[in-house]
$ cat my_file.cif   # mmCIF, C-alpha atoms; chains and numbers go by the auth columns
data_start
loop_
_atom_site.group_PDB
_atom_site.id
_atom_site.type_symbol
_atom_site.label_atom_id
_atom_site.label_comp_id
_atom_site.label_asym_id
_atom_site.label_seq_id
_atom_site.Cartn_x
_atom_site.Cartn_y
_atom_site.Cartn_z
_atom_site.B_iso_or_equiv
_atom_site.auth_seq_id
_atom_site.auth_asym_id
ATOM 1 C CA MET A 1 -8.153 1.124 -106.089 0.00 200 A
ATOM 2 C CA ASP A 2 -6.602 4.177 -107.673 0.00 201 A
ATOM 3 C CA THR A 3 -7.951 7.286 -105.944 0.00 202 A
ATOM 4 C CA GLU A 4 -5.304 9.760 -107.101 0.00 203 A
ATOM 5 C CA GLY A 5 -6.895 13.120 -107.846 0.00 204 A
ATOM 6 C CA GLU A 6 -10.295 11.945 -106.556 0.00 205 A
ATOM 7 C CA ILE A 7 -12.221 14.278 -104.287 0.00 206 A
ATOM 8 C CA GLU A 8 -13.357 12.335 -101.228 0.00 207 A
ATOM 9 C CA SER A 9 -15.193 13.013 -97.985 0.00 208 A
ATOM 10 C CA ILE A 10 -15.058 11.057 -94.735 0.00 209 A
ATOM 11 C CA VAL A 11 -18.428 9.514 -93.826 0.00 210 A
ATOM 12 C CA TYR A 12 -17.184 7.703 -90.703 0.00 211 A
ATOM 13 C CA MET A 13 -13.903 7.027 -88.903 0.00 212 A
ATOM 14 C CA CYS A 14 -12.860 4.723 -86.055 0.00 213 A
ATOM 15 C CA ARG A 15 -9.349 5.041 -84.694 0.00 214 A
ATOM 16 C CA GLU A 16 -8.822 1.344 -84.060 0.00 215 A
ATOM 17 C CA VAL A 17 -10.347 -1.867 -85.343 0.00 216 A
ATOM 18 C CA ASN A 18 -9.088 -5.453 -85.294 0.00 217 A
ATOM 19 C CA VAL A 19 -8.758 -7.672 -88.354 0.00 218 A
ATOM 20 C CA PHE A 20 -8.918 -11.482 -88.260 0.00 219 A
ATOM 21 C CA LYS A 21 -8.281 -14.278 -90.684 0.00 220 A
ATOM 22 C CA ILE A 22 -11.493 -16.277 -90.954 0.00 221 A
ATOM 23 C CA PRO A 23 -12.103 -19.848 -92.088 0.00 222 A
ATOM 24 C CA PRO A 24 -14.159 -20.500 -95.239 0.00 223 A
ATOM 25 C CA ARG A 25 -17.883 -20.621 -94.647 0.00 224 A
ATOM 26 C CA THR A 26 -19.156 -24.163 -94.920 0.00 225 A
ATOM 27 C CA LYS A 27 -22.821 -23.492 -94.150 0.00 226 A
ATOM 28 C CA ASN A 28 -25.229 -21.069 -95.723 0.00 227 A
ATOM 29 C CA GLU A 29 -26.256 -19.628 -92.359 0.00 228 A
ATOM 30 C CA GLY A 30 -23.815 -16.779 -91.769 0.00 229 A
ATOM 31 C CA TYR A 31 -20.565 -16.234 -89.901 0.00 230 A
ATOM 32 C CA LYS A 32 -19.818 -16.564 -86.196 0.00 231 A
ATOM 33 C CA ALA A 33 -16.978 -14.675 -84.506 0.00 232 A
ATOM 34 C CA GLN A 34 -16.393 -17.508 -82.023 0.00 233 A
ATOM 35 C CA GLU A 35 -15.132 -19.636 -84.920 0.00 234 A
ATOM 36 C CA TRP A 36 -12.289 -17.218 -85.714 0.00 235 A
ATOM 37 C CA GLY A 37 -9.947 -18.497 -83.022 0.00 236 A
ATOM 38 C CA ASP A 38 -8.352 -16.238 -80.401 0.00 237 A
ATOM 39 C CA LEU A 39 -10.106 -12.861 -80.724 0.00 238 A
ATOM 40 C CA GLY A 40 -7.545 -11.325 -78.400 0.00 239 A
ATOM 41 C CA ASN A 41 -4.807 -11.941 -80.971 0.00 240 A
ATOM 42 C CA PRO A 42 -5.867 -10.164 -84.175 0.00 241 A
ATOM 43 C CA LEU A 43 -4.029 -10.396 -87.474 0.00 242 A
ATOM 44 C CA TRP A 44 -3.852 -6.593 -87.803 0.00 243 A
ATOM 45 C CA LYS A 45 -4.832 -3.426 -85.893 0.00 244 A
ATOM 46 C CA GLY A 46 -5.401 -0.024 -87.400 0.00 245 A
ATOM 47 C CA ARG A 47 -7.783 2.746 -88.399 0.00 246 A
ATOM 48 C CA LEU A 48 -11.024 2.402 -90.336 0.00 247 A
ATOM 49 C CA ARG A 49 -12.426 5.131 -92.561 0.00 248 A
ATOM 50 C CA ILE A 50 -15.518 5.163 -94.770 0.00 249 A
ATOM 51 C CA LEU A 51 -14.770 7.389 -97.767 0.00 250 A
ATOM 52 C CA GLU A 52 -17.336 8.789 -100.186 0.00 251 A
ATOM 53 C CA GLN A 53 -16.202 9.547 -103.729 0.00 252 A
ATOM 54 C CA SER A 54 -17.901 10.265 -107.019 0.00 253 A
ATOM 55 C CA THR A 55 -17.638 6.565 -107.871 0.00 254 A
ATOM 56 C CA GLY A 56 -19.265 5.405 -104.644 0.00 255 A
ATOM 57 C CA LEU A 57 -18.387 4.411 -101.090 0.00 256 A
ATOM 58 C CA THR A 58 -15.225 2.646 -99.891 0.00 257 A
ATOM 59 C CA ILE A 59 -14.434 1.082 -96.512 0.00 258 A
ATOM 60 C CA GLN A 60 -10.708 1.535 -96.005 0.00 259 A
ATOM 61 C CA LEU A 61 -8.447 -0.099 -93.412 0.00 260 A
ATOM 62 C CA GLU A 62 -5.185 1.791 -92.981 0.00 261 A
ATOM 63 C CA ASP A 63 -2.377 2.717 -90.656 0.00 262 A
ATOM 64 C CA ALA A 64 -0.218 5.826 -90.529 0.00 263 A
ATOM 65 C CA SER A 65 1.657 4.985 -93.738 0.00 264 A
ATOM 66 C CA THR A 66 -0.122 2.342 -95.800 0.00 265 A
ATOM 67 C CA VAL A 67 -3.545 1.078 -96.821 0.00 266 A
ATOM 68 C CA PHE A 68 -4.097 -2.431 -95.498 0.00 267 A
ATOM 69 C CA ALA A 69 -7.322 -3.258 -97.389 0.00 268 A
ATOM 70 C CA GLN A 70 -10.284 -1.677 -99.177 0.00 269 A
ATOM 71 C CA ALA A 71 -13.876 -2.849 -99.527 0.00 270 A
ATOM 72 C CA PRO A 72 -16.000 -1.077 -102.151 0.00 271 A
ATOM 73 C CA TYR A 73 -19.515 -0.752 -100.740 0.00 272 A
ATOM 74 C CA SER A 74 -23.019 -0.511 -102.170 0.00 273 A
ATOM 75 C CA ALA A 75 -26.455 -1.473 -100.867 0.00 274 A
ATOM 76 C CA THR A 76 -26.547 -4.538 -103.147 0.00 275 A
ATOM 77 C CA SER A 77 -22.892 -5.634 -103.077 0.00 276 A
ATOM 78 C CA ARG A 78 -23.048 -7.512 -99.744 0.00 277 A
ATOM 79 C CA SER A 79 -19.494 -6.417 -99.020 0.00 278 A
ATOM 80 C CA VAL A 80 -20.363 -6.038 -95.313 0.00 279 A
ATOM 81 C CA GLU A 81 -22.048 -8.777 -93.313 0.00 280 A
ATOM 82 C CA ALA A 82 -22.725 -8.832 -89.580 0.00 281 A
ATOM 83 C CA VAL A 83 -21.927 -12.020 -87.695 0.00 282 A
ATOM 84 C CA LEU A 84 -24.619 -14.031 -85.956 0.00 283 A
ATOM 85 C CA ASP A 85 -23.205 -14.136 -82.440 0.00 284 A
ATOM 86 C CA SER A 86 -22.004 -10.555 -81.747 0.00 285 A
ATOM 87 C CA SER A 87 -22.882 -6.951 -82.547 0.00 286 A
ATOM 88 C CA ARG A 88 -19.201 -5.886 -82.647 0.00 287 A
ATOM 89 C CA TYR A 89 -17.883 -8.139 -85.410 0.00 288 A
ATOM 90 C CA PHE A 90 -18.372 -8.079 -89.176 0.00 289 A
ATOM 91 C CA VAL A 91 -17.091 -9.794 -92.299 0.00 290 A
ATOM 92 C CA LEU A 92 -15.711 -7.565 -95.079 0.00 291 A
ATOM 93 C CA ARG A 93 -15.211 -8.548 -98.695 0.00 292 A
ATOM 94 C CA VAL A 94 -12.046 -6.691 -99.661 0.00 293 A
ATOM 95 C CA GLU A 95 -10.806 -6.229 -103.220 0.00 294 A
ATOM 96 C CA ASP A 96 -7.392 -5.587 -104.734 0.00 295 A
ATOM 97 C CA GLN A 97 -6.857 -5.388 -108.497 0.00 296 A
ATOM 98 C CA GLY A 98 -9.752 -7.700 -109.239 0.00 297 A
ATOM 99 C CA ARG A 99 -8.927 -10.198 -106.481 0.00 298 A
ATOM 100 C CA LYS A 100 -11.413 -10.682 -103.624 0.00 299 A
ATOM 101 C CA ALA A 101 -11.023 -12.037 -100.110 0.00 300 A
ATOM 102 C CA TYR A 102 -13.095 -12.204 -96.927 0.00 301 A
ATOM 103 C CA ILE A 103 -11.696 -10.977 -93.611 0.00 302 A
ATOM 104 C CA GLY A 104 -13.128 -10.566 -90.134 0.00 303 A
ATOM 105 C CA MET A 105 -13.282 -7.152 -88.503 0.00 304 A
ATOM 106 C CA GLY A 106 -14.100 -6.269 -84.901 0.00 305 A
ATOM 107 C CA PHE A 107 -14.685 -3.108 -82.870 0.00 306 A
ATOM 108 C CA ALA A 108 -13.535 -2.771 -79.280 0.00 307 A
ATOM 109 C CA GLU A 109 -16.719 -0.928 -78.259 0.00 308 A
ATOM 110 C CA ARG A 110 -20.349 -1.526 -79.253 0.00 309 A
ATOM 111 C CA PRO A 111 -21.101 2.206 -79.837 0.00 310 A
ATOM 112 C CA ASP A 112 -18.380 2.246 -82.515 0.00 311 A
ATOM 113 C CA ALA A 113 -19.930 -0.776 -84.227 0.00 312 A
ATOM 114 C CA PHE A 114 -23.367 0.851 -84.040 0.00 313 A
ATOM 115 C CA ASP A 115 -22.109 4.094 -85.590 0.00 314 A
ATOM 116 C CA PHE A 116 -20.452 2.074 -88.370 0.00 315 A
ATOM 117 C CA GLN A 117 -23.744 0.413 -89.277 0.00 316 A
ATOM 118 C CA VAL A 118 -25.736 3.658 -89.070 0.00 317 A
ATOM 119 C CA SER A 119 -23.282 5.421 -91.390 0.00 318 A
ATOM 120 C CA LEU A 120 -23.806 2.763 -94.052 0.00 319 A
ATOM 121 C CA GLN A 121 -27.586 2.787 -93.616 0.00 320 A
ATOM 122 C CA ASP A 122 -27.759 6.586 -93.910 0.00 321 A
ATOM 123 C CA TRP A 123 -25.736 6.463 -97.116 0.00 322 A
ATOM 124 C CA ASP A 124 -28.075 3.787 -98.528 0.00 323 A
ATOM 125 C CA LYS A 125 -31.120 5.941 -97.782 0.00 324 A
ATOM 126 C CA ARG A 126 -29.514 9.008 -99.347 0.00 325 A
ATOM 127 C CA GLN A 127 -28.724 7.102 -102.542 0.00 326 A
ATOM 128 C CA ALA A 128 -32.278 5.738 -102.704 0.00 327 A
ATOM 129 C CA ARG A 129 -33.713 9.271 -102.468 0.00 328 A
ATOM 130 C CA LEU A 130 -31.453 10.442 -105.304 0.00 329 A
ATOM 131 C CA LYS A 131 -32.833 7.694 -107.553 0.00 330 A
ATOM 132 C CA GLU A 132 -36.481 8.571 -106.870 0.00 331 A
ATOM 133 C CA PRO A 133 -38.181 10.518 -109.713 0.00 332 A
ATOM 134 C CA ALA A 134 -38.870 14.144 -108.957 0.00 333 A
ATOM 135 C CA ASP A 135 -42.484 14.960 -108.164 0.00 334 A
ATOM 136 C CA GLU A 136 -43.572 17.455 -110.817 0.00 335 A
ATOM 137 C CA GLY A 137 -47.097 17.893 -109.493 0.00 336 A
ATOM 138 C CA PRO A 138 -48.320 21.169 -108.019 0.00 337 A
ATOM 139 C CA VAL A 139 -47.206 21.828 -104.507 0.00 338 A
ATOM 140 C CA GLY A 140 -50.134 22.639 -102.232 0.00 339 A
ATOM 141 C CA PRO A 141 -50.054 24.708 -99.063 0.00 340 A
ATOM 142 C CA SER A 142 -48.414 23.149 -96.055 0.00 341 A
ATOM 143 C CA PRO A 143 -50.911 21.593 -93.622 0.00 342 A
ATOM 144 C CA HIS A 144 -48.718 22.854 -90.772 0.00 343 A
ATOM 145 C CA LEU A 145 -49.222 26.544 -91.661 0.00 344 A
ATOM 146 C CA PRO A 146 -52.421 28.520 -90.927 0.00 345 A
ATOM 147 C CA ALA A 147 -54.649 29.150 -93.917 0.00 346 A
ATOM 148 C CA GLU A 148 -54.454 32.587 -95.502 0.00 347 A
ATOM 149 C CA LYS A 149 -57.253 34.858 -94.284 0.00 348 A
ATOM 150 C CA LYS A 150 -59.293 36.597 -97.007 0.00 349 A
ATOM 151 C CA ASP A 151 -60.482 40.206 -96.609 0.00 350 A
ATOM 152 C CA PHE A 152 -64.213 40.482 -97.430 0.00 351 A
ATOM 153 C CA SER A 153 -64.646 44.059 -96.128 0.00 352 A
ATOM 154 C CA LEU A 154 -65.940 46.754 -98.531 0.00 353 A
ATOM 155 C CA LYS A 155 -63.465 49.262 -99.774 0.00 354 A
ATOM 156 C CA GLU A 156 -64.286 52.958 -99.758 0.00 355 A
ATOM 157 C CA GLY A 157 -66.984 53.760 -102.353 0.00 356 A
ATOM 158 C CA GLN A 158 -67.949 50.113 -102.977 0.00 357 A
ATOM 159 C CA THR A 159 -71.574 48.874 -102.682 0.00 358 A
ATOM 160 C CA PHE A 160 -73.247 45.533 -103.158 0.00 359 A
ATOM 161 C CA THR A 161 -76.745 44.342 -104.122 0.00 360 A
ATOM 162 C CA VAL A 162 -78.524 41.270 -102.796 0.00 361 A
ATOM 163 C CA HIS A 163 -80.743 39.370 -105.261 0.00 362 A
ATOM 164 C CA ILE A 164 -83.243 36.857 -103.820 0.00 363 A
ATOM 165 C CA GLY A 165 -84.173 34.278 -106.403 0.00 364 A
ATOM 166 C CA GLY A 166 -87.904 33.984 -107.389 0.00 365 A
ATOM 167 C CA LYS A 167 -89.040 37.160 -105.592 0.00 366 A
ATOM 168 C CA SER A 168 -89.612 40.538 -107.175 0.00 367 A
ATOM 169 C CA GLY A 169 -91.787 43.547 -106.509 0.00 368 A
ATOM 170 C CA GLY A 170 -92.623 42.682 -102.895 0.00 369 A
ATOM 171 C CA LEU A 171 -95.904 41.014 -101.967 0.00 370 A
ATOM 172 C CA LEU A 172 -97.892 42.282 -104.981 0.00 371 A
ATOM 173 C CA GLY A 173 -95.237 41.004 -107.288 0.00 372 A
ATOM 174 C CA ASN A 174 -95.913 37.462 -106.067 0.00 373 A
ATOM 175 C CA LYS A 175 -99.251 36.582 -107.686 0.00 374 A
ATOM 176 C CA ALA A 176 -99.887 33.411 -105.681 0.00 375 A
ATOM 177 C CA ALA A 177 -99.362 35.182 -102.365 0.00 376 A
ATOM 178 C CA ALA A 178 -101.618 38.041 -103.412 0.00 377 A
ATOM 179 C CA ASN A 179 -104.422 35.637 -104.454 0.00 378 A
ATOM 180 C CA ASN A 180 -104.229 33.775 -101.160 0.00 379 A
ATOM 181 C CA LEU A 181 -104.555 36.916 -99.102 0.00 380 A
ATOM 182 C CA LEU A 182 -106.880 39.024 -101.299 0.00 381 A
ATOM 183 C CA GLY A 183 -108.936 36.277 -102.899 0.00 382 A
ATOM 184 C CA SER A 184 -109.224 35.211 -106.543 0.00 383 A
ATOM 185 C CA SER A 185 -112.280 35.586 -108.744 0.00 384 A
ATOM 186 C CA SER A 186 -111.154 32.873 -111.118 0.00 385 A
ATOM 187 C CA GLY A 187 -111.915 30.040 -108.655 0.00 386 A
ATOM 188 C CA GLY A 188 -108.554 28.435 -109.223 0.00 387 A
ATOM 189 C CA GLY A 189 -108.343 26.955 -105.745 0.00 388 A
ATOM 190 C CA GLY A 190 -107.617 30.261 -104.032 0.00 389 A
ATOM 191 C CA ALA A 191 -109.473 31.879 -101.092 0.00 390 A
ATOM 192 C CA PRO A 192 -113.230 32.764 -101.627 0.00 391 A
ATOM 193 C CA PRO A 193 -114.052 36.378 -102.693 0.00 392 A
ATOM 194 C CA LEU A 194 -114.968 38.926 -100.047 0.00 393 A
ATOM 195 C CA LEU A 195 -118.774 39.151 -99.384 0.00 394 A
ATOM 196 C CA PRO A 196 -120.623 42.458 -99.784 0.00 395 A
ATOM 197 C CA PRO A 197 -121.812 44.218 -96.577 0.00 396 A
ATOM 198 C CA PRO A 198 -125.363 43.348 -95.282 0.00 397 A
ATOM 199 C CA PRO A 199 -128.274 45.692 -96.245 0.00 398 A
ATOM 200 C CA SER A 200 -129.178 48.360 -93.765 0.00 399 A
ATOM 201 C CA ALA A 201 -132.386 47.944 -91.707 0.00 400 A
ATOM 202 C CA PRO A 202 -135.460 50.141 -92.680 0.00 401 A
ATOM 203 C CA ARG A 203 -135.903 53.210 -90.585 0.00 402 A
ATOM 204 C CA ARG A 204 -138.994 53.499 -88.331 0.00 403 A
ATOM 205 C CA ARG A 205 -141.156 56.487 -88.669 0.00 404 A
#
$ encode --input "my_file.cif" --output "structure tokens"
Amino acid sequence: MDTEGEIESIVYMCREVNVFKIPPRTKNEGYKAQEWGDLGNPLWKGRLRILEQSTGLTIQLEDASTVFAQAPYSATSRSVEAVLDSSRYFVLRVEDQGRKAYIGMGFAERPDAFDFQVSLQDWDKRQARLKEPADEGPVGPSPHLPAEKKDFSLKEGQTFTVHIGGKSGGLLGNKAAANNLLGSSSGGGGAPPLLPPPPSAPRRR
């Protein structure tokens, strides 16, 4: 892969990994590191770097002077596959001028293997977020912030009037209430009219 003049950033680096020649896979059930022969006698030892460029991500195996192999990576390329029997070993699909080959790769320590996987997963998530359409809807207030308090106090010189619906002019303005208390001469179901006072008794002489 020609990277001359390409701006690149290092996503992950491990100072030493082991590379193994692996037999062809005969079953569709994954790879096993125990089938690679003597794991204490690797084919190659060197540094691993994950490089991010404008064209994508590349897993690069290198030493102080040369690049041993490169594996272009994407979430759908399946260029990295974990083995079934260990968390420290992986299979890489490396490419060189259109040619492809599968090699085994192992880390000396499990934390290094874990960081390698997390670096790839974080990059996958970041690419997925970039492909999501932007939300153009209105942004509401954050539920984590207190609501803005409104000031209902009267400013200097301001007054207000209260209107009560259906009531005007006090008691006399409400005809039904007045008829109930004072009586109605129309006999429309209201209270009976007030009776006149009794006649005075005749005076004795």
$ resolve_selection --input "my_file.cif" --expression "the PyMOL selection byres ((chain A and resi 288) around 9)" --output "MDAnalysis selection string"
chainID A and resid 231:232 280:287 289:290 303:306 312
$ resolve_selection --input "my_file.cif" --expression "the PyMOL selection byres ((chain A and resi 247-251) around 6)" --output "list in words"
Glu207, Ser208, Ile209, Val210, Tyr211, Met212, Cys213, Arg246, Gln252, Gly255, Leu256, Thr257, Ile258, Gln259 and Leu260 of chain A
$ residues_around --input "my_file.cif" --residues "Glu234 of chain A" --least-positions-apart "3" --cutoff "10 Å" --atoms "only C-alpha atoms" --output "NGL selection string"
:A and (221-222 or 230-231 or 237-238)
$ resolve_selection --input "my_file.cif" --expression "the PyMOL selection byres ((chain A and resi 218) around 7)" --output "PyMOL selection string"
chain A and resi 216-217+219+241-244+302-305
$ axis_aligned_box --input "my_file.cif" --around "segment 258-261 of chain A" --padding-each-side "5 Å" --output "lines of an AutoDock Vina configuration file"
center_x = -9.8
center_y = 0.8
center_z = -94.7
size_x = 19.2
size_y = 11.9
size_z = 13.5
$ atom_distance --input "my_file.cif" --atom1 "atom CA of Ala270 of chain A" --atom2 "atom CA of Gln326 of chain A"
18.1 Å
$ atom_distance --input "my_file.cif" --atom1 "atom CA of Arg292 of chain A" --atom2 "atom CA of Val279 of chain A"
6.7 Å
$ atom_distance --input "my_file.cif" --atom1 "atom CA of Gln320 of chain A" --atom2 "atom CA of Tyr272 of chain A"
11.3 Å
